[in-house]
Amino acid sequence: MAHETGRGAGNDKNGAANRTSKKHDDELEGLHGDDHGDENGPWWNSGKAKLTVACGAALGLAFLLSKLMPQTEPWGFIVAMLVGLIPIARRALIGLGKSNPFSIEMLMTIAAVGAIFIDAAEEAAVVVVLFLVGELLEGIAAGRARASIRALATLVPKEAIREVDGGTETIAAEKLAIGDIVVVRPGDRIPADGVIIDGESAIDEAPVTGESVPKRKGVDDQVFAGTINSDAVLKVRVTATAQDNTISRVIALVEEAQEAKAPTERFMDRFSRYYTPAVLAAGALVAVVPPLVMGGTWNEWLYKGLAVLLIGCPCALVISTPAAIAAALSAGARRGLLMKGGAVLETFRKVTFVAMDKTGTLTEGKPKVTDIIAGIKDETELLRLAAGLETGSSHPLALAILNEAKARNIKPASAENAKAIGGKGVVGKIDGVEAGLYSPRAAADITALSEDVQRRITAFNDEGKTVSVLMVGEDLAGFLALRDEPRVDAKAGVSALKEMGIGVLMLTGDNKRTATAIAQQLGIEARAELMPEDKQAIVEDLKKQGKVVAKVGDGINDAPALAAADIGIAMGGGTDVALETADAAVLHGRVTDIASMIQLSKLTMTNITQNITISLGLKGVFLVTTLMGITGLWPAILADTGATVLVTLNAMRLLGWRGEAGKT
């Protein structure tokens with residue numbers, strides 16, 4: 001909660017501003033760029049599609065009548081134009097009544113009506129049809145970003161098999177409650193977030209995470225709704241309802257993020273407020289000054305002035321940033337990368353330093369058996385006896401030993417009267433003989449450890465490993481070394497950041513020896529034995545040095561440091577903390593995804609720059625050619641509509657982004 005508190009005042013202020021902005025947007029709903037129609041159903045069934053077809057058909061009919069009955073000109077074209085212009089003009093009037101007089105619809109209405117008065121009704125009708133076609137194409141393309149992320153919802157099966165009263169029943173997946181037990185057959189999609197309580201299987205997470213290789217999961221492992229059970233029956237205890245599963249929360253968070261405007265987007269909005277009236281003024285000057293001052297003909301220069309209005313329509317400029325932001329946020333979410341808004345997405349490209357927690361971030365967060373040193377017992381027997389003593393324990397080291405035995409298909413020995421002795425270890429009777437799994441110090445109290453054994457234990461400790469010594473009676477049976485190992489992609493993730501020229505530092509509360517050992521493996525510096533406030537102070541010090549800092553942690557004990565950083569990133573499997581307390585979240589625990597977020601940010605800003613260049617460049621070219629008399633109304637609207645479609649399609653390229661993790 002410290003993270004939220006640390007940014008509370010700013011969030012309240014931003015929240016009020018966003019609510020005001022949202023209210024304003026609702027009032028102007030239907031204006032260009034704010035109304036892409038109903039996304040449900042095929043695009044050709046939308047109101048915009050029907051209006052475009054109707055206007056196009058009216059234009060075709062007017063053209064046919066003009067050939068068969070020349071006396072219908074220009075009235076046939078005027079009627080055809082009005083079919084499309086009336087809805088456009090209505091939206092222009094709505095904008096006028098809502099303190100938005102300089103809308104794109106207003107420019108189009110002025111240009112189309114003006115064309116009639118200079119005897120260019122046919123061109124005016126074509127211009128209106130092209131404008132409607134451009135709006136339709138823009139709506140279809142922009143809607144793909146929303147559809148892309150909402151398509152995740154279709155991954156969750158409609159039905160689930162729930163255990164009830166010793167049997168099973170098929171119910172709607174949305175009716176599952178927390179605590180329900182569901183049976184998932186091979187080939188079925190998992191119907192809810194949950195924890196496996198029985199069975200072991202390969203889980204294909206590709207539909208959600210993009211991972212090409214299924215993950216082997218067993219009892220106590222977490223699974224996500226929408227992933228596919230590959231090869232064995234599983235029983236899963238539901239941990240989240242349909243409304244609160246990982247996919248639902250990802251969809252909700254991305255939709256909220258898309259509503260939060262990026263700094264570039266806010267700048268473009270402000271720019272458009274001044275740009276549009278400037279275009280109106282320029283069009284008026286072009287239409288009036290040459291005839292009054294230079295003796296030009298009124299019809300010629302009125303025509304050019306109207307063309308300037310059409311060229312100046314800021315459609316492409318207005319959509320250049322939000323289209324790219326929406327596509328990038330959607331593409332990131334499909335890879336398990338959540339960024340809460342355009343501002344966060346933009347800031348990622350500026351990151352120069354990443355501070356990472358150790359446990360659960362750079363490491364798996366749970367110890368594993370790394371070495372088994374046999375004494376009077378061989379490795380298999382040593383592990384069988386140790387697992388027998390630890391059976392039933394929930395201690396992380398005990399679970400590591402039991403998991404290692406399971407992985408090697410070793411059945412734990414049957415231990416009698418097994419019990420833990422505080423500060424020493426666990427003891428019990430196996431096959432009628434007293435046995436114990438002790439700390440090295442406790443084992444030394446029972447029997448003298450040879451210099452070779454002590455040297456090897458010290459070496460393991462220097463590597464940050466915990467050693468458990470197995471005694472059978474008073475004899476040394478052997479010992480096991482355990483450590484919370486780095487994630488499989490930790491080294492690659494750190495290397496990817498370094499290749500970008502970004503500094504990496506480990507911040508951990510763990511002991512210095514363990515932290516140093518892990519850091520050396522990854523090729524980074526470690527600062528250990530830190531309290532939460534120490535981590536926060538280090539982040540603030542890095543910022544004072546001029547660095548843009550991203551802090552990666554679990555979202556709980558790292559909260560003060562997450563709040564102090566320029567960007568707080570929560571690493572985790574879709575927990576409430578991971579999704580709600582930080583600026584961004586890496587849902588699937590890949591260290592390489594930190595570099596992927598920065599890469600996506602840079603690609604998005606490059607895309608936005610390309611979009612602005614396309615829109616302004618085309619306008620500049622056609623403005624010059626129009627004033628020179630080379631092009632007129634048709635090319636003018638084609639320039640605007642074409643730029644809008646190009647910008648939107650360019651932004652949609654980001655939907656195909658796969659990320660660093662997708663390359664492996």
# chains A, B, ... in the order shown; residues from 1 in each chain; ligands from 1
$ residues_around --residues "range 180-195 of chain A" --least-positions-apart "6" --cutoff "6 Å" --atoms "only C-alpha atoms" --output "PyMOL selection string"
chain A and resi 156-157+160-163+173+220-240+245
$ atom_distance --atom1 "CA of Glu404 in chain A" --atom2 "CA of Asp484 in chain A"
13.5 Å
$ residues_around --residues "Gln610 in chain A" --least-positions-apart "4" --cutoff "10 Å" --atoms "only C-alpha atoms" --output "PyMOL selection string"
chain A and resi 320+604-606+614-615+647+650-651
$ closest_residue --among "A:Phe460, A:Phe479, A:Phe77, A:Tyr275" --to "Val127 in chain A" --atoms "only C-alpha atoms"
A:Phe77
$ residues_around --residues "Ala54 in chain A" --least-positions-apart "3" --cutoff "12 Å" --atoms "only C-alpha atoms" --output "PyMOL selection string"
chain A and resi 47-51+57-61+79-85+128-129+132-133
$ write_last_selection --atoms "C-alpha atoms" --output "mmCIF file, in the first residue's frame"
data_model
loop_
_atom_site.group_PDB
_atom_site.id
_atom_site.type_symbol
_atom_site.label_atom_id
_atom_site.label_comp_id
_atom_site.auth_asym_id
_atom_site.auth_seq_id
_atom_site.Cartn_x
_atom_site.Cartn_y
_atom_site.Cartn_z
ATOM 1 C CA GLY A 47 -24.158 2.416 -39.191
ATOM 2 C CA LYS A 48 -21.071 3.975 -40.784
ATOM 3 C CA ALA A 49 -20.840 1.231 -43.402
ATOM 4 C CA LYS A 50 -24.526 1.596 -44.312
ATOM 5 C CA LEU A 51 -24.215 5.393 -44.572
ATOM 6 C CA ALA A 57 -25.002 4.509 -54.308
ATOM 7 C CA ALA A 58 -26.602 7.979 -54.460
ATOM 8 C CA LEU A 59 -23.453 9.344 -56.124
ATOM 9 C CA GLY A 60 -23.503 6.490 -58.665
ATOM 10 C CA LEU A 61 -27.159 7.142 -59.416
ATOM 11 C CA VAL A 79 -28.863 15.279 -53.251
ATOM 12 C CA ALA A 80 -26.145 12.578 -53.269
ATOM 13 C CA MET A 81 -23.860 14.875 -51.287
ATOM 14 C CA LEU A 82 -26.591 15.629 -48.740
ATOM 15 C CA VAL A 83 -27.126 11.907 -48.051
ATOM 16 C CA GLY A 84 -23.683 11.806 -46.475
ATOM 17 C CA LEU A 85 -23.299 15.443 -45.459
ATOM 18 C CA VAL A 128 -18.161 13.475 -49.002
ATOM 19 C CA VAL A 129 -18.090 9.832 -50.161
ATOM 20 C CA LEU A 132 -17.007 8.586 -45.285
ATOM 21 C CA VAL A 133 -14.854 5.810 -46.784
#
$ closest_residue --among "A:Cys313, A:Leu649, A:Ala252, A:Ala420" --to "Lys340 in chain A" --atoms "only C-alpha atoms"
A:Ala252
$ residues_around --residues "range 623-628 of chain A" --least-positions-apart "2" --cutoff "7 Å" --atoms "only C-alpha atoms" --output "ChimeraX atom specification"
/A:304,308,311,619-621,630-632
$ write_last_selection --atoms "N, CA, C and O atoms" --output "short mmCIF file (atom, residue, chain, number, x, y, z; two decimals), in the first residue's frame"
data_model
loop_
_atom_site.label_atom_id
_atom_site.label_comp_id
_atom_site.auth_asym_id
_atom_site.auth_seq_id
_atom_site.Cartn_x
_atom_site.Cartn_y
_atom_site.Cartn_z
N LYS A 304 -9.65 26.97 -54.34
CA LYS A 304 -8.39 26.64 -53.68
C LYS A 304 -8.50 26.78 -52.15
O LYS A 304 -7.92 26.00 -51.40
N VAL A 308 -7.82 23.91 -49.39
CA VAL A 308 -6.94 24.08 -48.23
C VAL A 308 -7.62 23.58 -46.96
O VAL A 308 -7.00 22.94 -46.10
N ILE A 311 -7.45 19.78 -47.07
CA ILE A 311 -6.07 19.34 -46.82
C ILE A 311 -5.73 19.48 -45.34
O ILE A 311 -5.04 18.65 -44.75
N LYS A 619 0.17 16.48 -46.20
CA LYS A 619 -0.52 17.77 -46.21
C LYS A 619 0.34 18.85 -46.85
O LYS A 619 -0.14 19.67 -47.64
N GLY A 620 1.63 18.85 -46.51
CA GLY A 620 2.54 19.85 -47.07
C GLY A 620 2.63 19.75 -48.58
O GLY A 620 2.57 20.76 -49.30
N VAL A 621 2.77 18.51 -49.09
CA VAL A 621 2.88 18.32 -50.54
C VAL A 621 1.63 18.80 -51.26
O VAL A 621 1.70 19.55 -52.26
N ILE A 630 -2.21 22.61 -59.39
CA ILE A 630 -1.99 21.27 -59.94
C ILE A 630 -3.06 20.29 -59.45
O ILE A 630 -3.54 19.44 -60.20
N THR A 631 -3.44 20.39 -58.17
CA THR A 631 -4.45 19.50 -57.60
C THR A 631 -5.62 20.31 -57.07
O THR A 631 -5.53 21.51 -56.84
N GLY A 632 -6.76 19.60 -56.86
CA GLY A 632 -7.98 20.27 -56.39
C GLY A 632 -8.63 19.56 -55.24
O GLY A 632 -7.95 18.95 -54.40
#
$ closest_residue --among "A:Leu382, A:Ala595, A:Ala570, A:Ala415" --to "Phe353 in chain A" --atoms "only C-alpha atoms"
A:Ala595
$ residues_around --residues "Ala327 in chain A" --least-positions-apart "3" --cutoff "6 Å" --atoms "only C-alpha atoms" --output "list in words"
Ala145, Ala324, Ser330, Met652, Leu654 and Leu655 of chain A
$ write_last_selection --atoms "C-alpha atoms" --output "PDB file, in the first residue's frame"
ATOM      1  CA  ALA A 145      -6.627  -2.988 -31.389  1.00  0.00           C
ATOM      2  CA  ALA A 324      -0.219   3.463 -31.865  1.00  0.00           C
ATOM      3  CA  SER A 330      -2.824  -4.595 -26.655  1.00  0.00           C
ATOM      4  CA  MET A 652      -1.742  -1.537 -36.368  1.00  0.00           C
ATOM      5  CA  LEU A 654       2.425  -2.969 -33.617  1.00  0.00           C
ATOM      6  CA  LEU A 655      -0.236  -5.633 -33.024  1.00  0.00           C
TER       7      LEU A 655
END
$ closest_residue --among "A:Gly503, A:Pro322, A:Gly428, A:Gly76" --to "Val548 in chain A" --atoms "only C-alpha atoms"
A:Gly503
$ closest_residue --among "A:Ala537, A:Ile401, A:Cys55, A:Leu507" --to "Arg384 in chain A" --atoms "only C-alpha atoms"
A:Ile401
$ select_by_dssp --residues "range 261-491 of chain A" --states "helix (DSSP H, G or I)" --output "number ranges by chain"
A: 263-294, 298-312, 315-334, 342-348, 358-362, 379-390, 396-407, 440-446, 451-462, 490-491
$ write_last_selection --atoms "C-alpha atoms" --output "short mmCIF file (atom, residue, chain, number, x, y, z; two decimals), in the first residue's frame"
data_model
loop_
_atom_site.label_atom_id
_atom_site.label_comp_id
_atom_site.auth_asym_id
_atom_site.auth_seq_id
_atom_site.Cartn_x
_atom_site.Cartn_y
_atom_site.Cartn_z
CA PRO A 263 1.94 13.01 -22.99
CA THR A 264 2.37 13.00 -26.78
CA GLU A 265 -1.35 12.38 -27.22
CA ARG A 266 -2.23 15.25 -24.87
CA PHE A 267 0.17 17.49 -26.81
CA MET A 268 -1.50 16.52 -30.12
CA ASP A 269 -4.93 17.31 -28.63
CA ARG A 270 -3.74 20.77 -27.57
CA PHE A 271 -2.04 21.25 -30.95
CA SER A 272 -5.28 20.41 -32.78
CA ARG A 273 -7.20 23.06 -30.84
CA TYR A 274 -4.95 25.72 -32.36
CA TYR A 275 -4.23 23.94 -35.63
CA THR A 276 -7.86 23.64 -36.82
CA PRO A 277 -8.79 27.34 -36.44
CA ALA A 278 -5.46 28.17 -38.09
CA VAL A 279 -6.49 26.02 -41.07
CA LEU A 280 -9.84 27.86 -41.25
CA ALA A 281 -8.02 31.18 -41.22
CA ALA A 282 -5.56 30.01 -43.88
CA GLY A 283 -8.40 28.79 -46.10
CA ALA A 284 -10.19 32.12 -45.75
CA LEU A 285 -7.03 34.07 -46.59
CA VAL A 286 -6.36 31.92 -49.66
CA ALA A 287 -9.95 32.43 -50.85
CA VAL A 288 -10.11 36.18 -50.23
CA VAL A 289 -6.67 37.82 -50.47
CA PRO A 290 -5.69 36.95 -54.09
CA PRO A 291 -8.99 38.23 -55.60
CA LEU A 292 -8.93 41.41 -53.49
CA VAL A 293 -5.22 42.21 -53.65
CA MET A 294 -3.85 40.42 -56.72
CA TRP A 298 -13.08 34.59 -57.15
CA ASN A 299 -14.13 31.12 -58.35
CA GLU A 300 -10.53 29.92 -58.72
CA TRP A 301 -9.40 31.13 -55.33
CA LEU A 302 -12.56 30.12 -53.47
CA TYR A 303 -11.99 26.64 -54.91
CA LYS A 304 -8.39 26.64 -53.68
CA GLY A 305 -9.45 27.97 -50.28
CA LEU A 306 -11.93 25.09 -49.88
CA ALA A 307 -9.20 22.63 -50.94
CA VAL A 308 -6.94 24.08 -48.23
CA LEU A 309 -9.68 23.36 -45.66
CA LEU A 310 -9.84 19.73 -46.76
CA ILE A 311 -6.07 19.34 -46.82
CA GLY A 312 -5.87 20.84 -43.34
CA CYS A 315 -7.76 13.49 -38.91
CA ALA A 316 -4.42 11.73 -39.32
CA LEU A 317 -2.72 13.94 -36.74
CA VAL A 318 -5.43 13.34 -34.16
CA ILE A 319 -5.33 9.56 -34.48
CA SER A 320 -1.56 9.17 -35.00
CA THR A 321 -0.77 8.75 -31.28
CA PRO A 322 -3.82 6.99 -29.78
CA ALA A 323 -3.87 4.36 -32.53
CA ALA A 324 -0.22 3.46 -31.86
CA ILE A 325 -0.68 3.53 -28.07
CA ALA A 326 -3.77 1.29 -28.22
CA ALA A 327 -2.05 -1.20 -30.52
CA ALA A 328 1.10 -1.30 -28.36
CA LEU A 329 -0.80 -1.77 -25.09
CA SER A 330 -2.82 -4.60 -26.65
CA ALA A 331 0.25 -6.30 -28.12
CA GLY A 332 2.05 -6.06 -24.77
CA ALA A 333 -0.90 -7.46 -22.84
CA ARG A 334 -1.07 -10.48 -25.12
CA GLY A 342 0.31 5.80 -22.50
CA ALA A 343 2.38 7.85 -20.06
CA VAL A 344 3.95 4.66 -18.63
CA LEU A 345 4.51 3.27 -22.13
CA GLU A 346 6.30 6.47 -23.17
CA THR A 347 8.46 6.61 -20.03
CA PHE A 348 9.85 3.11 -20.60
CA LYS A 358 16.40 -10.99 -5.99
CA THR A 359 13.90 -13.44 -4.52
CA GLY A 360 10.99 -14.06 -6.86
CA THR A 361 12.31 -11.62 -9.46
CA LEU A 362 15.77 -12.69 -10.57
CA GLU A 379 22.54 -40.47 -3.89
CA THR A 380 19.28 -42.38 -4.40
CA GLU A 381 19.21 -43.76 -0.87
CA LEU A 382 20.30 -40.41 0.58
CA LEU A 383 17.42 -38.64 -1.15
CA ARG A 384 14.95 -41.40 -0.20
CA LEU A 385 15.81 -41.06 3.49
CA ALA A 386 15.82 -37.25 3.46
CA ALA A 387 12.46 -37.13 1.67
CA GLY A 388 11.03 -39.58 4.21
CA LEU A 389 12.00 -37.30 7.10
CA GLU A 390 10.54 -34.23 5.33
CA PRO A 396 10.50 -24.41 1.63
CA LEU A 397 13.65 -26.54 2.08
CA ALA A 398 11.54 -29.63 2.81
CA LEU A 399 9.44 -29.02 -0.31
CA ALA A 400 12.63 -28.67 -2.37
CA ILE A 401 13.85 -32.09 -1.20
CA LEU A 402 10.44 -33.72 -1.80
CA ASN A 403 10.22 -32.17 -5.29
CA GLU A 404 13.70 -33.45 -6.15
CA ALA A 405 12.74 -36.97 -5.03
CA LYS A 406 9.55 -36.77 -7.09
CA ALA A 407 11.48 -35.57 -10.14
CA PRO A 440 26.02 -28.46 9.70
CA ARG A 441 26.45 -27.01 13.21
CA ALA A 442 23.92 -29.44 14.72
CA ALA A 443 25.51 -32.37 12.85
CA ALA A 444 28.96 -31.41 14.21
CA ASP A 445 27.55 -31.70 17.74
CA ILE A 446 26.66 -35.34 17.03
CA GLU A 451 38.19 -31.36 7.24
CA ASP A 452 37.20 -32.35 3.69
CA VAL A 453 33.48 -32.31 4.59
CA GLN A 454 33.83 -28.96 6.38
CA ARG A 455 35.71 -27.51 3.41
CA ARG A 456 33.00 -28.61 0.98
CA ILE A 457 30.22 -27.26 3.21
CA THR A 458 32.04 -23.91 3.46
CA ALA A 459 32.41 -23.82 -0.35
CA PHE A 460 28.68 -24.40 -0.76
CA ASN A 461 27.93 -21.67 1.77
CA ASP A 462 30.19 -19.29 -0.15
CA ALA A 490 17.61 -14.26 -15.81
CA LYS A 491 21.05 -14.08 -17.41
#
$ closest_residue --among "A:Met471, A:Ile569, A:Val591, A:Ala584" --to "Asp489 in chain A" --atoms "only C-alpha atoms"
A:Val591
$ decode --residues "range 50-65 of chain A" --atoms "N, CA, C and O atoms" --output "PDB file, in the first residue's frame"
ATOM      1  N   LYS A  50     -23.261   1.402 -43.593  1.00  0.00           N
ATOM      2  CA  LYS A  50     -24.526   1.596 -44.312  1.00  0.00           C
ATOM      3  C   LYS A  50     -24.621   3.007 -44.879  1.00  0.00           C
ATOM      4  O   LYS A  50     -25.087   3.206 -46.008  1.00  0.00           O
ATOM      5  N   LEU A  51     -24.184   4.010 -44.092  1.00  0.00           N
ATOM      6  CA  LEU A  51     -24.215   5.393 -44.572  1.00  0.00           C
ATOM      7  C   LEU A  51     -23.277   5.569 -45.764  1.00  0.00           C
ATOM      8  O   LEU A  51     -23.625   6.227 -46.758  1.00  0.00           O
ATOM      9  N   THR A  52     -22.092   4.967 -45.684  1.00  0.00           N
ATOM     10  CA  THR A  52     -21.113   5.084 -46.779  1.00  0.00           C
ATOM     11  C   THR A  52     -21.650   4.455 -48.059  1.00  0.00           C
ATOM     12  O   THR A  52     -21.536   5.029 -49.149  1.00  0.00           O
ATOM     13  N   VAL A  53     -22.248   3.261 -47.929  1.00  0.00           N
ATOM     14  CA  VAL A  53     -22.819   2.584 -49.097  1.00  0.00           C
ATOM     15  C   VAL A  53     -23.960   3.401 -49.687  1.00  0.00           C
ATOM     16  O   VAL A  53     -24.062   3.563 -50.914  1.00  0.00           O
ATOM     17  N   ALA A  54     -24.828   3.949 -48.808  1.00  0.00           N
ATOM     18  CA  ALA A  54     -25.961   4.745 -49.286  1.00  0.00           C
ATOM     19  C   ALA A  54     -25.484   5.978 -50.041  1.00  0.00           C
ATOM     20  O   ALA A  54     -26.003   6.317 -51.109  1.00  0.00           O
ATOM     21  N   CYS A  55     -24.481   6.657 -49.490  1.00  0.00           N
ATOM     22  CA  CYS A  55     -23.963   7.871 -50.133  1.00  0.00           C
ATOM     23  C   CYS A  55     -23.277   7.519 -51.460  1.00  0.00           C
ATOM     24  O   CYS A  55     -23.428   8.224 -52.468  1.00  0.00           O
ATOM     25  N   GLY A  56     -22.525   6.402 -51.456  1.00  0.00           N
ATOM     26  CA  GLY A  56     -21.864   5.967 -52.685  1.00  0.00           C
ATOM     27  C   GLY A  56     -22.866   5.589 -53.758  1.00  0.00           C
ATOM     28  O   GLY A  56     -22.692   5.918 -54.944  1.00  0.00           O
ATOM     29  N   ALA A  57     -23.959   4.895 -53.349  1.00  0.00           N
ATOM     30  CA  ALA A  57     -25.002   4.509 -54.308  1.00  0.00           C
ATOM     31  C   ALA A  57     -25.698   5.748 -54.874  1.00  0.00           C
ATOM     32  O   ALA A  57     -25.992   5.822 -56.082  1.00  0.00           O
ATOM     33  N   ALA A  58     -25.960   6.737 -54.005  1.00  0.00           N
ATOM     34  CA  ALA A  58     -26.602   7.979 -54.460  1.00  0.00           C
ATOM     35  C   ALA A  58     -25.712   8.715 -55.455  1.00  0.00           C
ATOM     36  O   ALA A  58     -26.196   9.271 -56.453  1.00  0.00           O
ATOM     37  N   LEU A  59     -24.390   8.705 -55.198  1.00  0.00           N
ATOM     38  CA  LEU A  59     -23.453   9.344 -56.124  1.00  0.00           C
ATOM     39  C   LEU A  59     -23.458   8.614 -57.469  1.00  0.00           C
ATOM     40  O   LEU A  59     -23.466   9.243 -58.541  1.00  0.00           O
ATOM     41  N   GLY A  60     -23.457   7.266 -57.424  1.00  0.00           N
ATOM     42  CA  GLY A  60     -23.503   6.490 -58.665  1.00  0.00           C
ATOM     43  C   GLY A  60     -24.762   6.764 -59.458  1.00  0.00           C
ATOM     44  O   GLY A  60     -24.723   6.912 -60.697  1.00  0.00           O
ATOM     45  N   LEU A  61     -25.890   6.847 -58.760  1.00  0.00           N
ATOM     46  CA  LEU A  61     -27.159   7.142 -59.416  1.00  0.00           C
ATOM     47  C   LEU A  61     -27.150   8.542 -60.019  1.00  0.00           C
ATOM     48  O   LEU A  61     -27.618   8.752 -61.152  1.00  0.00           O
ATOM     49  N   ALA A  62     -26.593   9.514 -59.280  1.00  0.00           N
ATOM     50  CA  ALA A  62     -26.516  10.897 -59.785  1.00  0.00           C
ATOM     51  C   ALA A  62     -25.658  10.969 -61.042  1.00  0.00           C
ATOM     52  O   ALA A  62     -25.986  11.684 -62.001  1.00  0.00           O
ATOM     53  N   PHE A  63     -24.553  10.210 -61.032  1.00  0.00           N
ATOM     54  CA  PHE A  63     -23.674  10.200 -62.200  1.00  0.00           C
ATOM     55  C   PHE A  63     -24.399   9.593 -63.408  1.00  0.00           C
ATOM     56  O   PHE A  63     -24.317  10.105 -64.537  1.00  0.00           O
ATOM     57  N   LEU A  64     -25.144   8.503 -63.184  1.00  0.00           N
ATOM     58  CA  LEU A  64     -25.900   7.855 -64.259  1.00  0.00           C
ATOM     59  C   LEU A  64     -26.967   8.799 -64.812  1.00  0.00           C
ATOM     60  O   LEU A  64     -27.123   8.936 -66.043  1.00  0.00           O
ATOM     61  N   LEU A  65     -27.704   9.464 -63.915  1.00  0.00           N
ATOM     62  CA  LEU A  65     -28.738  10.409 -64.344  1.00  0.00           C
ATOM     63  C   LEU A  65     -28.146  11.575 -65.125  1.00  0.00           C
ATOM     64  O   LEU A  65     -28.753  12.083 -66.082  1.00  0.00           O
TER      65      LEU A  65
END
